[in-house]
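Visitor: Here it is, the structure in full.
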Amino acid sequence: MDQKGIDILVKSASAGDRQAYGELVGRFYRPVLLECLAVLGRFHDAEDAAQETLLQGFMQLPSLRNPSQFPAWIRAIARNLCLNRLRRPKAVSGLDPNREVAKIEGDYRDLYEAISLLPMELRTSLLLYYLDGQDVKTVAQRLGVSPSTVYGRLQTALRQLSERLLEL
């Protein structure tokens, strides 16, 4: 979908068209999820945050002045929501059986845990490049760093991941 199509959907959704917002959700769920995963590090938490982000986005959409800013705007909501979640004190409670059942098993769980232990700048570069499929130049522009910095972060992230996974 091109920028003009996104602008039209944003304007329609701002006017209360839920179907238009549903199309925006379909288009932007994955980038929002990856933004949340980059900050929170745990897939289950990122899914919850992504859903909350998209709900907040719908409620706050009338405040968006420039429809062409929607992609950056919704990712900013996601990032701020996730950072606020990290700042919140965590409640101490017993095990939640539903959450335990929902955890990813085996190797995938180990990989997600290893990714969550990476520093945020390494984790963000890794997720944008490998999971979101963005090229190094795009990742560099999005993060405001040089392409060589992104290459370095990717190498460091992969080295740290392999070391952690070999320890398990």
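Every chain in the structure tokens has a letter given in the order shown (A, B, ...), and although residue numbers restart at 1 in each chain, ligands are simply numbered from 1 in the order shown.
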I need the alpha helix (DSSP H) residues of chain A per DSSP on the backbone, written as a PyMOL selection string.
Guide: chain A and resi 3-14+18-40+43-60+70-87+97-102+106-116+120-126+136-143+147-167
Visitor: Find the residues near Ala13 of chain A: any atom within 10 Å, counting only C-alpha atoms, skip ones fewer than 2 places away on the same chain, and give them as a list in words.
Guide: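 So, after excluding close chain neighbours, the residues are Asp7, Ile8, Leu9, Val10, Lys11, Ala15, Gly16, Asp17, Arg18, Gln19, Ala20, Tyr21, Gly22, Glu23, Leu24, Phe58, Leu61 and Pro62 of chain A.
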Visitor: Can you spit out the residues from that selection as an mmCIF file, in the first residue's frame, using C-alpha atoms?
Guide:
data_model
loop_
_atom_site.group_PDB
_atom_site.id
_atom_site.type_symbol
_atom_site.label_atom_id
_atom_site.label_comp_id
_atom_site.auth_asym_id
_atom_site.auth_seq_id
_atom_site.Cartn_x
_atom_site.Cartn_y
_atom_site.Cartn_z
ATOM 1 C CA ASP A 7 -3.474 8.764 4.058
ATOM 2 C CA ILE A 8 -6.970 7.943 2.757
ATOM 3 C CA LEU A 9 -7.402 5.156 5.327
ATOM 4 C CA VAL A 10 -6.215 7.433 8.144
ATOM 5 C CA LYS A 11 -8.668 10.172 7.141
ATOM 6 C CA ALA A 15 -13.951 10.116 10.782
ATOM 7 C CA GLY A 16 -14.969 6.938 12.651
ATOM 8 C CA ASP A 17 -14.718 4.329 9.875
ATOM 9 C CA ARG A 18 -13.811 1.180 11.822
ATOM 10 C CA GLN A 19 -13.261 -0.842 8.666
ATOM 11 C CA ALA A 20 -10.620 1.650 7.524
ATOM 12 C CA TYR A 21 -8.901 1.395 10.898
ATOM 13 C CA GLY A 22 -9.096 -2.393 10.628
ATOM 14 C CA GLU A 23 -7.147 -2.148 7.378
ATOM 15 C CA LEU A 24 -4.577 0.084 9.083
ATOM 16 C CA PHE A 58 -7.769 4.323 17.341
ATOM 17 C CA LEU A 61 -6.494 9.145 15.887
ATOM 18 C CA PRO A 62 -8.524 12.380 15.723
#
Visitor: Excluding same-chain residues fewer than 3 positions from Arg153 of chain A, what lies within 7 Å of it counting only C-alpha atoms, as number ranges by chain?
Guide: A: 122, 125, 149-150, 156-157
Visitor: For Leu33 of chain A, list every protein, DNA or RNA residue within 7 Å, evaluated using only C-alpha atoms, and leave out those in the same chain fewer than 6 positions away; present the list as a list in words.
Guide: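 Listed by chain and then number, they are Ala46, Glu47 and Ala50 of chain A.
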Visitor: Can you list, as a compact mmCIF listing (two decimals) with N, CA and C atoms, in the first residue's frame, every protein, DNA or RNA residue that comes within 10 Å of Tyr112 of chain A when you count only C-alpha atoms, leaving out same-chain residues fewer than 6 positions away?
Guide:
# COMPACT_ATOMS: atom_id res chain seq x y z
N LEU A 37 8.43 -5.59 20.70
CA LEU A 37 9.36 -6.67 21.00
C LEU A 37 10.77 -6.12 21.20
N GLY A 41 11.29 -7.15 24.79
CA GLY A 41 12.11 -8.35 24.73
C GLY A 41 11.38 -9.67 24.87
N ARG A 42 10.15 -9.67 25.34
CA ARG A 42 9.40 -10.91 25.51
C ARG A 42 8.20 -10.88 24.56
N PHE A 43 8.05 -11.94 23.78
CA PHE A 43 7.04 -11.97 22.74
C PHE A 43 5.63 -11.80 23.29
N ILE A 104 6.43 -19.97 24.53
CA ILE A 104 7.00 -20.71 23.40
C ILE A 104 7.94 -21.77 23.96
N LEU A 161 24.35 -13.76 20.93
CA LEU A 161 23.30 -14.78 20.88
C LEU A 161 23.89 -16.18 20.82
Visitor: Using only C-alpha atoms, tabulate the residues of segment 14-65 of chain A lying at most 12 Å from any atom of segment 133-142 of chain A, each with its closest atom pair and that distance in Å to one decimal, by chain and increasing residue number, as CSV.
Guide:
residue,atom,partner,partner_atom,distance
A:Arg30,CA,A:Gly133,CA,11.2
A:Pro31,CA,A:Gly133,CA,10.6
A:Leu34,CA,A:Gly133,CA,11.0
A:Glu35,CA,A:Arg142,CA,11.6
Visitor: Just want the 10 Å neighbourhood of Leu154 of chain A, counted on only C-alpha atoms, with same-chain residues fewer than 5 positions away dropped. Output as number ranges by chain.
Guide: A: 121-127, 129-130, 136, 148-149, 159-160
Visitor: For the atom pair atom CA of Gln60 of chain A and atom CA of Arg79 of chain A, what is the interatomic distance in Å to one decimal place?
Guide: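 Those two atoms sit 15.3 Å apart.
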